[in-house]
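So this one's input-v7.cif, mmCIF, C-alpha atoms:
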data_my_file
loop_
_atom_site.group_PDB
_atom_site.id
_atom_site.type_symbol
_atom_site.label_atom_id
_atom_site.label_comp_id
_atom_site.auth_asym_id
_atom_site.auth_seq_id
_atom_site.Cartn_x
_atom_site.Cartn_y
_atom_site.Cartn_z
ATOM 1 C CA MET A 341 -50.069 83.124 10.319
ATOM 2 C CA GLY A 342 -50.292 86.780 9.379
ATOM 3 C CA THR A 343 -47.717 88.538 7.290
ATOM 4 C CA GLY A 344 -44.772 89.808 9.263
ATOM 5 C CA ASN A 345 -45.137 86.988 11.781
ATOM 6 C CA LYS A 346 -42.541 84.251 12.109
ATOM 7 C CA ARG A 347 -42.226 81.232 14.329
ATOM 8 C CA LYS A 348 -39.221 81.257 16.649
ATOM 9 C CA ALA A 349 -38.108 78.883 19.373
ATOM 10 C CA ALA A 350 -38.677 80.182 22.891
ATOM 11 C CA VAL A 351 -37.154 78.627 26.016
ATOM 12 C CA ASP A 352 -38.828 78.471 29.426
ATOM 13 C CA THR A 353 -35.538 79.577 30.973
ATOM 14 C CA ASN A 354 -36.599 78.910 34.544
ATOM 15 C CA ALA A 355 -37.207 75.206 33.832
ATOM 16 C CA CYS A 356 -34.271 74.712 31.442
ATOM 17 C CA VAL A 357 -31.672 72.216 32.714
ATOM 18 C CA ALA A 358 -28.937 73.484 30.352
ATOM 19 C CA CYS A 359 -28.170 70.000 29.019
ATOM 20 C CA GLY A 360 -27.466 71.287 25.519
ATOM 21 C CA CYS A 361 -29.469 68.701 23.552
ATOM 22 C CA CYS A 362 -31.049 71.595 21.625
ATOM 23 C CA VAL A 363 -27.622 72.953 20.658
ATOM 24 C CA LYS A 364 -26.674 69.637 19.072
ATOM 25 C CA VAL A 365 -29.692 69.451 16.777
ATOM 26 C CA CYS A 366 -29.967 73.099 15.718
ATOM 27 C CA PRO A 367 -29.055 73.336 12.024
ATOM 28 C CA MET A 368 -28.603 77.117 12.260
ATOM 29 C CA SER A 369 -26.454 77.259 15.423
ATOM 30 C CA ALA A 370 -29.161 79.570 16.697
ATOM 31 C CA ILE A 371 -29.341 78.185 20.220
ATOM 32 C CA GLN A 372 -26.587 78.174 22.832
ATOM 33 C CA VAL A 373 -26.326 77.312 26.513
ATOM 34 C CA TRP A 374 -25.554 80.537 28.350
ATOM 35 C CA ARG A 375 -22.866 79.983 31.014
ATOM 36 C CA GLY A 376 -24.173 76.601 32.049
ATOM 37 C CA ILE A 377 -27.437 78.064 33.268
ATOM 38 C CA ARG A 378 -29.980 78.092 30.439
ATOM 39 C CA ALA A 379 -30.422 77.821 26.690
ATOM 40 C CA GLU A 380 -30.831 81.063 24.770
ATOM 41 C CA VAL A 381 -32.210 81.511 21.267
ATOM 42 C CA ASP A 382 -30.704 83.919 18.778
ATOM 43 C CA GLU A 383 -33.953 84.978 17.105
ATOM 44 C CA ALA A 384 -32.109 86.499 14.174
ATOM 45 C CA ARG A 385 -30.781 83.063 13.259
ATOM 46 C CA CYS A 386 -33.724 80.872 14.311
ATOM 47 C CA VAL A 387 -35.811 79.668 11.387
ATOM 48 C CA GLY A 388 -38.454 78.037 13.563
ATOM 49 C CA CYS A 389 -37.855 74.482 12.358
ATOM 50 C CA GLY A 390 -38.753 73.042 15.753
ATOM 51 C CA ARG A 391 -35.993 70.436 16.014
ATOM 52 C CA CYS A 392 -34.971 71.727 19.433
ATOM 53 C CA VAL A 393 -38.623 71.590 20.523
ATOM 54 C CA ARG A 394 -38.792 67.883 19.711
ATOM 55 C CA GLU A 395 -35.350 67.122 21.147
ATOM 56 C CA CYS A 396 -35.580 68.948 24.489
ATOM 57 C CA PRO A 397 -35.781 66.215 27.156
ATOM 58 C CA ALA A 398 -37.509 68.586 29.555
ATOM 59 C CA SER A 399 -39.904 69.856 26.862
ATOM 60 C CA VAL A 400 -39.306 73.459 27.837
ATOM 61 C CA ILE A 401 -38.949 74.876 24.299
ATOM 62 C CA VAL A 402 -41.957 75.983 22.257
ATOM 63 C CA LEU A 403 -42.407 77.682 18.902
ATOM 64 C CA ARG A 404 -43.923 81.091 19.313
ATOM 65 C CA GLU A 405 -45.074 83.570 16.725
ATOM 66 C CA VAL A 406 -43.218 86.822 16.890
ATOM 67 C CA GLN A 407 -43.608 90.060 14.974
ATOM 68 C CA VAL A 408 -40.697 90.792 12.693
ATOM 69 C CA MET B 914 -24.003 67.613 11.100
ATOM 70 C CA LYS B 915 -20.271 66.998 11.203
ATOM 71 C CA LYS B 916 -19.186 64.565 13.875
ATOM 72 C CA ARG B 917 -16.501 65.634 16.329
ATOM 73 C CA TRP B 918 -14.232 63.376 18.338
ATOM 74 C CA TYR B 919 -16.337 63.935 21.440
ATOM 75 C CA ASP B 920 -19.428 62.594 19.709
ATOM 76 C CA TYR B 921 -17.924 59.147 20.169
ATOM 77 C CA LEU B 922 -17.498 59.315 23.940
ATOM 78 C CA TRP B 923 -20.470 56.964 24.287
ATOM 79 C CA ILE B 924 -17.923 54.242 23.445
ATOM 80 C CA VAL B 925 -15.946 55.183 26.568
ATOM 81 C CA GLU B 926 -19.082 55.013 28.717
ATOM 82 C CA LEU B 927 -20.104 51.663 27.246
ATOM 83 C CA THR B 928 -16.591 50.272 27.728
ATOM 84 C CA TYR B 929 -16.673 51.441 31.330
ATOM 85 C CA LEU B 930 -19.923 49.606 32.019
ATOM 86 C CA VAL B 931 -18.660 46.437 30.313
ATOM 87 C CA LEU B 932 -15.305 46.454 32.134
ATOM 88 C CA GLY B 933 -17.147 46.427 35.458
ATOM 89 C CA PHE B 934 -18.506 43.016 34.561
ATOM 90 C CA PHE B 935 -14.977 41.634 34.273
ATOM 91 C CA ASN B 936 -13.017 43.424 36.946
ATOM 92 C CA ILE B 937 -14.767 45.617 39.446
ATOM 93 C CA LEU B 938 -11.642 47.669 40.106
ATOM 94 C CA PHE B 939 -12.220 49.434 36.779
ATOM 95 C CA ALA B 940 -15.141 51.128 38.534
ATOM 96 C CA TRP B 941 -12.624 53.569 39.992
ATOM 97 C CA LEU B 942 -12.247 55.103 36.534
ATOM 98 C CA GLY B 943 -15.813 56.340 36.926
ATOM 99 C CA LEU B 944 -14.517 59.058 39.230
ATOM 100 C CA LEU B 945 -13.512 60.807 36.008
ATOM 101 C CA PHE B 946 -17.207 61.081 35.097
ATOM 102 C CA PHE B 947 -17.719 62.805 38.448
ATOM 103 C CA PHE B 948 -14.746 65.117 38.614
ATOM 104 C CA ILE B 949 -14.479 66.295 34.995
ATOM 105 C CA PRO B 950 -17.976 67.874 34.925
ATOM 106 C CA LEU B 951 -17.410 69.483 38.329
ATOM 107 C CA ILE B 952 -14.027 70.877 37.301
ATOM 108 C CA ILE B 953 -15.410 72.244 34.025
ATOM 109 C CA ALA B 954 -18.268 73.911 35.921
ATOM 110 C CA ALA B 955 -16.062 75.275 38.702
ATOM 111 C CA VAL B 956 -13.220 76.507 36.492
ATOM 112 C CA TRP B 957 -14.969 77.627 33.302
ATOM 113 C CA GLY B 958 -18.499 78.107 34.605
ATOM 114 C CA THR B 959 -20.091 76.057 31.852
ATOM 115 C CA LYS B 960 -21.916 72.795 31.469
ATOM 116 C CA GLY B 961 -19.462 71.798 28.772
ATOM 117 C CA TYR B 962 -19.535 68.238 30.044
ATOM 118 C CA CYS B 963 -23.310 67.833 29.621
ATOM 119 C CA ASN B 964 -23.300 69.843 26.422
ATOM 120 C CA ARG B 965 -20.517 67.942 24.674
ATOM 121 C CA TYR B 966 -18.719 65.161 26.448
ATOM 122 C CA CYS B 967 -21.282 63.158 28.410
ATOM 123 C CA GLY B 968 -21.093 59.623 27.030
ATOM 124 C CA ARG B 969 -24.061 58.500 29.069
ATOM 125 C CA GLY B 970 -26.272 61.131 27.486
ATOM 126 C CA GLN B 971 -24.983 60.038 24.078
ATOM 127 C CA ILE B 972 -25.909 56.404 24.776
ATOM 128 C CA PHE B 973 -29.448 57.440 25.677
ATOM 129 C CA GLY B 974 -29.555 59.695 22.618
ATOM 130 C CA LEU B 975 -28.471 56.870 20.331
ATOM 131 C CA LEU B 976 -30.653 54.126 21.805
ATOM 132 C CA GLY B 977 -33.702 56.340 22.167
ATOM 133 C CA GLY B 978 -33.145 58.293 18.966
ATOM 134 C CA ARG B 979 -31.483 56.280 16.237
ATOM 135 C CA PHE B 980 -32.547 52.890 17.588
ATOM 136 C CA GLY B 981 -36.038 54.170 18.315
ATOM 137 C CA LEU B 982 -36.258 52.760 21.821
ATOM 138 C CA SER B 983 -38.087 55.792 23.151
ATOM 139 C CA ARG B 984 -41.759 56.780 23.136
ATOM 140 C CA LYS B 985 -40.576 60.415 22.835
ATOM 141 C CA LYS B 986 -43.329 61.636 25.136
ATOM 142 C CA ASP B 987 -43.061 64.698 27.349
ATOM 143 C CA ILE B 988 -41.569 64.061 30.760
ATOM 144 C CA PRO B 989 -44.155 64.569 33.556
ATOM 145 C CA ARG B 990 -44.220 68.099 34.923
ATOM 146 C CA TRP B 991 -43.194 67.023 38.439
ATOM 147 C CA MET B 992 -40.032 65.362 37.161
ATOM 148 C CA LYS B 993 -38.667 68.652 35.865
ATOM 149 C CA SER B 994 -39.736 70.632 38.921
ATOM 150 C CA LYS B 995 -37.031 72.137 41.091
ATOM 151 C CA TRP B 996 -38.077 70.214 44.179
ATOM 152 C CA PHE B 997 -37.779 66.880 42.416
ATOM 153 C CA ARG B 998 -34.438 67.719 40.794
ATOM 154 C CA TYR B 999 -32.936 69.075 44.003
ATOM 155 C CA GLY B 1000 -34.608 66.338 46.051
ATOM 156 C CA PHE B 1001 -33.121 63.665 43.819
ATOM 157 C CA LEU B 1002 -29.713 65.318 44.119
ATOM 158 C CA ILE B 1003 -29.971 65.265 47.920
ATOM 159 C CA PHE B 1004 -31.159 61.650 47.884
ATOM 160 C CA PHE B 1005 -28.260 60.754 45.610
ATOM 161 C CA PHE B 1006 -25.838 62.502 47.970
ATOM 162 C CA ILE B 1007 -27.201 60.629 50.985
ATOM 163 C CA MET B 1008 -26.870 57.275 49.225
ATOM 164 C CA PHE B 1009 -23.400 58.222 48.029
ATOM 165 C CA PHE B 1010 -22.208 59.055 51.534
ATOM 166 C CA GLN B 1011 -23.765 55.863 52.833
ATOM 167 C CA MET B 1012 -21.676 54.032 50.229
ATOM 168 C CA LEU B 1013 -18.561 55.902 51.390
ATOM 169 C CA TRP B 1014 -19.392 54.917 54.968
ATOM 170 C CA SER B 1015 -19.594 51.214 54.041
ATOM 171 C CA THR B 1016 -16.252 51.619 52.307
ATOM 172 C CA TYR B 1017 -14.807 53.211 55.429
ATOM 173 C CA LEU B 1018 -16.055 50.337 57.587
ATOM 174 C CA VAL B 1019 -14.198 47.857 55.381
ATOM 175 C CA PHE B 1020 -11.062 50.004 55.480
ATOM 176 C CA ALA B 1021 -11.343 50.181 59.266
ATOM 177 C CA GLY B 1022 -11.619 46.405 59.465
ATOM 178 C CA VAL B 1023 -15.052 46.584 61.089
ATOM 179 C CA ARG B 1024 -16.847 44.932 58.205
ATOM 180 C CA ASP B 1025 -15.884 42.293 55.641
ATOM 181 C CA LEU B 1026 -15.861 42.990 51.934
ATOM 182 C CA ARG B 1027 -19.275 42.461 50.331
ATOM 183 C CA GLN B 1028 -18.879 41.408 46.726
ATOM 184 C CA ALA B 1029 -22.211 42.604 45.434
ATOM 185 C CA VAL B 1030 -23.551 45.348 43.212
ATOM 186 C CA THR B 1031 -26.605 47.054 44.671
ATOM 187 C CA LEU B 1032 -29.117 48.020 42.020
ATOM 188 C CA LEU B 1033 -31.590 50.843 42.722
ATOM 189 C CA TRP B 1034 -30.317 51.002 46.314
ATOM 190 C CA THR B 1035 -32.202 47.794 47.052
ATOM 191 C CA PHE B 1036 -31.373 44.740 44.996
ATOM 192 C CA LYS B 1037 -28.098 42.996 45.762
ATOM 193 C CA LEU B 1038 -26.751 41.383 42.620
ATOM 194 C CA PRO B 1039 -24.037 38.738 42.996
ATOM 195 C CA TRP B 1040 -20.883 40.114 41.380
ATOM 196 C CA HIS B 1041 -18.139 37.956 42.887
ATOM 197 C CA TRP B 1042 -16.745 36.930 39.482
ATOM 198 C CA ALA B 1043 -15.456 40.444 38.957
ATOM 199 C CA TYR B 1044 -13.047 40.376 41.869
ATOM 200 C CA HIS B 1045 -10.261 37.920 42.500
ATOM 201 C CA GLY B 1046 -8.397 39.643 45.275
ATOM 202 C CA THR B 1047 -5.384 41.896 44.938
ATOM 203 C CA LEU B 1048 -2.503 43.195 46.971
ATOM 204 C CA LEU B 1049 -4.686 46.195 47.643
ATOM 205 C CA HIS B 1050 -6.811 46.607 50.734
ATOM 206 C CA PRO B 1051 -10.338 45.086 50.479
ATOM 207 C CA GLY B 1052 -11.650 48.605 51.087
ATOM 208 C CA VAL B 1053 -10.397 49.557 47.628
ATOM 209 C CA ALA B 1054 -12.609 46.829 46.183
ATOM 210 C CA GLN B 1055 -15.533 47.829 48.407
ATOM 211 C CA PHE B 1056 -15.465 51.343 46.997
ATOM 212 C CA ALA B 1057 -15.362 49.884 43.481
ATOM 213 C CA PHE B 1058 -18.452 47.727 44.131
ATOM 214 C CA GLY B 1059 -20.225 50.718 45.662
ATOM 215 C CA PHE B 1060 -19.281 53.138 42.928
ATOM 216 C CA TYR B 1061 -20.207 50.705 40.187
ATOM 217 C CA SER B 1062 -23.574 50.286 41.913
ATOM 218 C CA VAL B 1063 -24.113 54.036 41.612
ATOM 219 C CA MET B 1064 -23.193 54.012 37.922
ATOM 220 C CA LEU B 1065 -25.304 50.970 37.056
ATOM 221 C CA THR B 1066 -28.284 52.267 39.004
ATOM 222 C CA SER B 1067 -28.238 55.608 37.223
ATOM 223 C CA THR B 1068 -27.877 53.846 33.877
ATOM 224 C CA VAL B 1069 -30.916 51.658 34.580
ATOM 225 C CA LEU B 1070 -32.986 54.649 35.737
ATOM 226 C CA GLY B 1071 -31.887 56.569 32.656
ATOM 227 C CA LEU B 1072 -32.855 53.675 30.374
ATOM 228 C CA VAL B 1073 -36.310 53.444 31.952
ATOM 229 C CA THR B 1074 -37.042 57.152 31.496
ATOM 230 C CA MET B 1075 -35.467 56.997 28.019
ATOM 231 C CA VAL B 1076 -38.089 54.421 27.001
ATOM 232 C CA LEU B 1077 -40.980 56.189 28.730
ATOM 233 C CA PHE B 1078 -40.191 59.787 27.789
ATOM 234 C CA LYS B 1079 -37.647 61.569 25.557
ATOM 235 C CA PRO B 1080 -34.329 59.767 24.887
ATOM 236 C CA ARG B 1081 -32.257 61.975 27.175
ATOM 237 C CA SER B 1082 -34.838 62.401 29.966
ATOM 238 C CA TRP B 1083 -32.099 61.346 32.375
ATOM 239 C CA CYS B 1084 -30.471 64.735 31.748
ATOM 240 C CA VAL B 1085 -33.474 66.442 33.364
ATOM 241 C CA TYR B 1086 -32.882 64.882 36.787
ATOM 242 C CA CYS B 1087 -29.239 63.772 36.502
ATOM 243 C CA PRO B 1088 -27.607 64.706 39.835
ATOM 244 C CA MET B 1089 -24.363 65.680 38.123
ATOM 245 C CA GLY B 1090 -26.269 67.916 35.722
ATOM 246 C CA THR B 1091 -28.203 69.538 38.550
ATOM 247 C CA MET B 1092 -25.017 70.018 40.537
ATOM 248 C CA THR B 1093 -23.037 71.566 37.663
ATOM 249 C CA GLN B 1094 -25.948 73.890 36.847
ATOM 250 C CA LEU B 1095 -26.034 74.955 40.515
ATOM 251 C CA ILE B 1096 -22.286 75.633 40.424
ATOM 252 C CA CYS B 1097 -22.734 77.739 37.290
ATOM 253 C CA LYS B 1098 -25.596 79.609 38.947
ATOM 254 C CA ALA B 1099 -23.541 80.162 42.102
ATOM 255 C CA ARG B 1100 -20.868 81.747 39.929
ATOM 256 C CA GLY B 1101 -23.588 84.184 38.967
ATOM 257 C CA GLY B 1102 -22.950 83.763 35.267
ATOM 258 C CA ARG B 1103 -19.482 85.268 35.575
ATOM 259 C CA ASP B 1104 -16.679 84.247 33.247
#

Encoding of this model in structure tokens:
Amino acid sequence: MGTGNKRKAAVDTNACVACGCCVKVCPMSAIQVWRGIRAEVDEARCVGCGRCVRECPASVIVLREVQV
Amino acid sequence: MKKRWYDYLWIVELTYLVLGFFNILFAWLGLLFFFIPLIIAAVWGTKGYCNRYCGRGQIFGLLGGRFGLSRKKDIPRWMKSKWFRYGFLIFFFIMFFQMLWSTYLVFAGVRDLRQAVTLLWTFKLPWHWAYHGTLLHPGVAQFAFGFYSVMLTSTVLGLVTMVLFKPRSWCVYCPMGTMTQLICKARGGRD
């Protein structure tokens, strides 16, 4: 991991079922279900812990390195 | 994380399933689990029911998570595909209307009451101990047997996928979840 890179949760929004399991486990309240359609990550809050990745029953969340 | 009152709704779901073993007429209460999510989706345009209040999801979360009864493997790709989710919803609808039709036939006096719970749309389980006759029409009981069959079947399916995949895999193909998401989509994300 290079400097200036951080891991953030990223949702495959097209496959998301909007169940909200990720919301329940996020310790930073960084993920919300947007209008019953899909989960959305607030990258400013996400610390890349990966709890949502493990919890997601559809396995549609991954940790991705982003430039900050 | 701090527990809220709605984190205990799994008790309601469990009570519902247990009551059906004693008196099938309690199955009617399950209509709440159908109408509340639809109303929340139609009125507020959210999946608040799935996200917070679904007791069934909580049961799977507890058994598969805290009790460790889940392999926690990824669900197969086809099970989260749109065609499977929508296909399962359509299949569920067809079976539901078939159940309503059987209920109608009993109401119309064409068919006698069948005191059985049908598991996985196939297996007829004897369930006569849960009904002792009432002043109500036998059709009322027929709907209860049919509706309880729907609830028990989805619980069994959910338990199987809970063990095989992630605890709440049921949520991926839950017909109510698919339907409420479709309603939210149809609202176009409006408030």

The PyMOL selection byres ((chain A) within 9 of (chain B)) on the file shown: which residues, as number ranges by chain? A: 355-361, 363-365, 367, 373-378, 394-399

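Here the PyMOL selection byres ((chain B and resi 1048-1059) around 8) catches exactly these residues: Ile937, Leu938, Phe939, Ala940, Trp941, Met1012, Leu1013, Ser1015, Thr1016, Tyr1017, Val1019, Phe1020, Leu1026, Arg1027, Gln1028, Ala1029, Val1030, Thr1031, Tyr1044, Gly1046, Thr1047, Phe1060, Tyr1061, Ser1062 and Val1063 of chain B.
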
Okay, now the selection with C-alpha atoms, as a short mmCIF file (atom, residue, chain, number, x, y, z; two decimals), keeping the file's coordinate frame?
data_model
loop_
_atom_site.label_atom_id
_atom_site.label_comp_id
_atom_site.auth_asym_id
_atom_site.auth_seq_id
_atom_site.Cartn_x
_atom_site.Cartn_y
_atom_site.Cartn_z
CA ILE B 937 -14.77 45.62 39.45
CA LEU B 938 -11.64 47.67 40.11
CA PHE B 939 -12.22 49.43 36.78
CA ALA B 940 -15.14 51.13 38.53
CA TRP B 941 -12.62 53.57 39.99
CA MET B 1012 -21.68 54.03 50.23
CA LEU B 1013 -18.56 55.90 51.39
CA SER B 1015 -19.59 51.21 54.04
CA THR B 1016 -16.25 51.62 52.31
CA TYR B 1017 -14.81 53.21 55.43
CA VAL B 1019 -14.20 47.86 55.38
CA PHE B 1020 -11.06 50.00 55.48
CA LEU B 1026 -15.86 42.99 51.93
CA ARG B 1027 -19.27 42.46 50.33
CA GLN B 1028 -18.88 41.41 46.73
CA ALA B 1029 -22.21 42.60 45.43
CA VAL B 1030 -23.55 45.35 43.21
CA THR B 1031 -26.60 47.05 44.67
CA TYR B 1044 -13.05 40.38 41.87
CA GLY B 1046 -8.40 39.64 45.28
CA THR B 1047 -5.38 41.90 44.94
CA PHE B 1060 -19.28 53.14 42.93
CA TYR B 1061 -20.21 50.70 40.19
CA SER B 1062 -23.57 50.29 41.91
CA VAL B 1063 -24.11 54.04 41.61
#

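Take the PyMOL selection byres ((chain A and resi 352) around 9) and apply it to this file: it picks Ala350, Val351, Thr353, Asn354, Ala355, Cys356, Arg378, Ala379, Val400, Ile401 and Val402 of chain A.
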
Report as a VMD selection string all protein, DNA and RNA residues lying within 7 Å of region 923-927 of chain B, evaluated on all atoms listed in the file, omitting residues in the same chain fewer than 6 positions from it. chain B and resid 968 to 969 971 to 972

Can you measure CA of Gln372 (chain A) to CA of Phe947 (chain B) for me? One decimal in Å is fine.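 Computing it gives 23.6 Å between the two atoms.
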
Distance in Å - CA of His1041 (chain B) versus CA of Phe1010 (chain B): 23.2 Å

Give the answer as one residue: which of A:Gln407, A:Cys362, A:Asp382, A:Gly390 has the shortest atom-to-atom distance to Gly344 (chain A), using only C-alpha atoms? A:Gln407

What does the distance from CA of Val387 (chain A) to CA of Arg984 (chain B) come to in Å, to one decimal?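 Between these atoms lies a distance of 26.4 Å.
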
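Using all atoms listed in the file, the nearest neighbour of Arg917 (chain B) within the list B:Trp991, B:Trp1014, B:Tyr966, B:Phe1036 is B:Tyr966.
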
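Neighbouring residues of Val381 (chain A) at 6 Å or closer, counting all atoms listed in the file and skipping chain neighbours under 2 positions away, are Ala370, Ile371 and Glu383 of chain A.
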